[in-house]
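Data block below; observations after.
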Amino acid sequence: MTINSFMSWIGGKKSSRSIILPRFPLYYEKYIEVFGGGGWILFAKPPRNDFEVFNDANSNISNLFYCVREHSAELRERLCYVLNSREDFERIRHIVNEKAEIGDVKRAAEFYQLIRYSYASSCDSFGGKPHSMRSNFPLIEQASRRLQKVVIENKDFEKLICAQDSEVSFFYCDPPYYSTESYYSNVGFNRADHERLRNTLGSIAGKFLLSYNDCPEIRELYRGYEMYGYERLNNMVQRFDGGGMFGELLIANYDLNERKRANTQMTLFELEE
């Protein structure tokens, strides 16, 4: 069942789900979401019998996902009493710069408070907008059920990919976009990491699908791979430029249209029958 994520995050793929999912490979047994963020693609992906891994190098995100899965009731209880106030927001903002411990429900609740009450989910500036935290509880409960069989990791992307790689592995990667790395908190992703990611993906036995901003540097970096470009609304500039569009690029080491072709062939076969 497709569900929405319980959290928003910079670069989230809510608006791109209908473009990305039809371009998944036809067959895989392991699904690994390397740069998890808000997990929008994982939650949109129908649960099957495949082995699923959610990873994020930001320990606050991985801790939050772990607590949603394992301590949903306690997390919701703590969130019942949070304050939507600038003073409280500033009091807990320092946690984004500290390493979270897996299973720390108090830290998870405070981090979730920062996400929900900050401007554009940046965790940096107080949003100052009315929001009922209880309205998120159904999404947290849904996410808890969906994550029950998902492995949650907090690793560097190269170590994760090398550990999970096999001929039946499929990696979906949504890294910090080129030249926008500063928008992502507590990640430490730099330009050299874009090359390291390319080199790591270039040596795997499995398949990968990569989301990026459409720019000459990325097209050159992944020259020779399958590519599909599209446009979406640019959430980062909507405040200043309503209707502003943003070019995105899907990159893969397999045929991006194989699922579409298979569905077309099935339809033709059914018509002949």
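Quick note on naming: the chains in the structure tokens go A, B, ... in the order shown, residues restart at 1 in each chain, and ligands are numbered from 1 in order of appearance.
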Could you pull the residues within 12 Å of Glu220 (chain A), counting only C-alpha atoms, minus those fewer than 6 positions along the same chain, as a ChimeraX atom specification? /A:194-195,198,214,227,251
Report as a JSON list (two decimals) with C-alpha atoms, in the first residue's frame all protein, DNA and RNA residues lying within 8 Å of Leu79 (chain A), evaluated on only C-alpha atoms, omitting residues in the same chain fewer than 3 positions from it.
[["chain", "number", "residue", "atom", "x", "y", "z"],
["A", 75, "LEU", "CA", 7.15, 9.00, 20.51],
["A", 76, "ARG", "CA", 3.56, 10.15, 20.01],
["A", 82, "VAL", "CA", 5.57, 20.01, 22.56],
["A", 109, "ALA", "CA", 10.68, 13.80, 19.39],
["A", 113, "GLN", "CA", 9.48, 19.08, 16.48],
["A", 133, "MET", "CA", 1.27, 18.02, 16.07],
["A", 134, "ARG", "CA", -1.51, 15.50, 16.71]]
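Nearest residue to Ala100 (chain A), choosing from A:Ile32, A:Tyr66, A:Pro216, A:Arg261 and counting only C-alpha atoms: A:Tyr66.
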Which polymer residues have any atom within 7 Å of an atom of region 14-25 of chain A, counting only C-alpha atoms, with same-chain residues fewer than 4 positions away left out, as a list in words?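 Listing them by chain and then by number gives Trp40, Ile41, Ala44, Leu256, Asn257, Glu258 and Arg259 of chain A.
Residues in contact with region 50-52 of chain A at up to 9 Å, not including ones fewer than 2 positions away on its chain and judged by only C-alpha atoms, are Tyr28, Glu29, Lys30, Tyr31, Ile32, Glu33, Leu42, Pro47, Arg48, Phe54, Lys149, Val150, Val151 and Ile152 of chain A.
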Go ahead and save the picked residues with C-alpha atoms, as a PDB file, in the first residue's frame.
ATOM      1  CA  TYR A  28      15.316  -7.183  -7.891  1.00  0.00           C
ATOM      2  CA  GLU A  29      15.335  -8.951  -4.526  1.00  0.00           C
ATOM      3  CA  LYS A  30      16.977  -6.265  -2.371  1.00  0.00           C
ATOM      4  CA  TYR A  31      15.873  -2.621  -2.315  1.00  0.00           C
ATOM      5  CA  ILE A  32      18.286  -0.159  -0.713  1.00  0.00           C
ATOM      6  CA  GLU A  33      17.412   3.528  -0.278  1.00  0.00           C
ATOM      7  CA  LEU A  42      10.175   3.876   0.153  1.00  0.00           C
ATOM      8  CA  PRO A  47       5.816  -3.598  -0.071  1.00  0.00           C
ATOM      9  CA  ARG A  48       6.768  -6.919  -1.612  1.00  0.00           C
ATOM     10  CA  PHE A  54      16.579   2.554   4.608  1.00  0.00           C
ATOM     11  CA  LYS A 149      10.471  -5.299   8.150  1.00  0.00           C
ATOM     12  CA  VAL A 150      12.748  -2.511   6.935  1.00  0.00           C
ATOM     13  CA  VAL A 151      16.389  -2.471   8.046  1.00  0.00           C
ATOM     14  CA  ILE A 152      17.390   1.025   9.220  1.00  0.00           C
TER      15      ILE A 152
END
Selected residue, from A:Arg146, A:Arg191, A:Arg219, A:Arg107, that lies nearest to Ile3 (chain A) when counting only C-alpha atoms: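 The answer is A:Arg146, which sits nearest to Ile3 (chain A).
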Among region 144-250 of chain A, which residues does DSSP mark as alpha helix (DSSP H) when it is run on the backbone? Keep the chain and numbering as in the structure and answer as a PyMOL selection string. chain A and resi 144-146+157-164+191-201+216-221
Could you pull the residues within 8 Å of Asn213 (chain A), counting only C-alpha atoms, minus those fewer than 6 positions along the same chain, as number ranges by chain? A: 177-178, 246-249
Write the residues you've just listed into a file as a CSV table (one decimal), in the first residue's frame, and include C-alpha atoms for each of them.
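Saved the output as again_38.csv:
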chain,number,residue,atom,x,y,z
A,177,TYR,CA,22.3,17.9,-5.4
A,178,TYR,CA,25.3,19.3,-7.2
A,246,PHE,CA,13.5,22.9,-11.6
A,247,GLY,CA,15.2,20.5,-14.0
A,248,GLU,CA,15.8,17.0,-12.6
A,249,LEU,CA,17.6,14.0,-14.0
Taking the chain letters and numbering used in this document, name the residues of region 34-241 of chain A that DSSP puts in strand (DSSP E or B), as a PyMOL selection string. chain A and resi 51-55+118+126+150-153+169-173+207-213+226-233
Next, the residues of the selection above should be written as a PDB file, in the first residue's frame with C-alpha atoms.
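Printed below is selection04.pdb as written:
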ATOM      1  CA  PHE A  51      14.593  -7.226   1.454  1.00  0.00           C
ATOM      2  CA  GLU A  52      14.394  -3.465   2.172  1.00  0.00           C
ATOM      3  CA  VAL A  53      17.010  -1.115   3.652  1.00  0.00           C
ATOM      4  CA  PHE A  54      16.579   2.554   4.608  1.00  0.00           C
ATOM      5  CA  ASN A  55      19.793   4.491   5.200  1.00  0.00           C
ATOM      6  CA  SER A 118      10.820  25.159  11.122  1.00  0.00           C
ATOM      7  CA  PHE A 126      11.304  29.033  13.261  1.00  0.00           C
ATOM      8  CA  VAL A 150      12.748  -2.511   6.935  1.00  0.00           C
ATOM      9  CA  VAL A 151      16.389  -2.471   8.046  1.00  0.00           C
ATOM     10  CA  ILE A 152      17.390   1.025   9.220  1.00  0.00           C
ATOM     11  CA  GLU A 153      21.034   2.025   8.776  1.00  0.00           C
ATOM     12  CA  SER A 169      20.375  -5.558  -5.369  1.00  0.00           C
ATOM     13  CA  PHE A 170      18.692  -2.326  -6.476  1.00  0.00           C
ATOM     14  CA  PHE A 171      19.975   0.972  -5.079  1.00  0.00           C
ATOM     15  CA  TYR A 172      17.850   4.119  -5.226  1.00  0.00           C
ATOM     16  CA  CYS A 173      20.074   7.142  -4.593  1.00  0.00           C
ATOM     17  CA  LYS A 207      21.362  -1.942 -10.440  1.00  0.00           C
ATOM     18  CA  PHE A 208      21.040   1.691  -9.461  1.00  0.00           C
ATOM     19  CA  LEU A 209      18.656   4.569 -10.079  1.00  0.00           C
ATOM     20  CA  LEU A 210      19.980   8.013  -9.255  1.00  0.00           C
ATOM     21  CA  SER A 211      18.111  11.330  -8.841  1.00  0.00           C
ATOM     22  CA  TYR A 212      20.022  14.542  -9.517  1.00  0.00           C
ATOM     23  CA  ASN A 213      19.580  18.132 -10.574  1.00  0.00           C
ATOM     24  CA  GLU A 226      20.864   5.882 -19.187  1.00  0.00           C
ATOM     25  CA  MET A 227      19.296   9.313 -18.498  1.00  0.00           C
ATOM     26  CA  TYR A 228      15.814  10.781 -18.333  1.00  0.00           C
ATOM     27  CA  GLY A 229      15.223  14.493 -17.751  1.00  0.00           C
ATOM     28  CA  TYR A 230      12.051  16.140 -16.463  1.00  0.00           C
ATOM     29  CA  GLU A 231      10.889  19.314 -14.713  1.00  0.00           C
ATOM     30  CA  ARG A 232       9.069  19.870 -11.434  1.00  0.00           C
ATOM     31  CA  LEU A 233       8.053  22.856  -9.332  1.00  0.00           C
TER      32      LEU A 233
END
Between A:Val34, A:Ile161, A:Ala192, A:Leu147, smallest distance to Asp56 (chain A) by only C-alpha atoms belongs to A:Val34
Which residue of A:Arg86, A:Arg69, A:Arg145, A:Arg91 approaches Ala108 (chain A) most closely, using only C-alpha atoms: A:Arg69
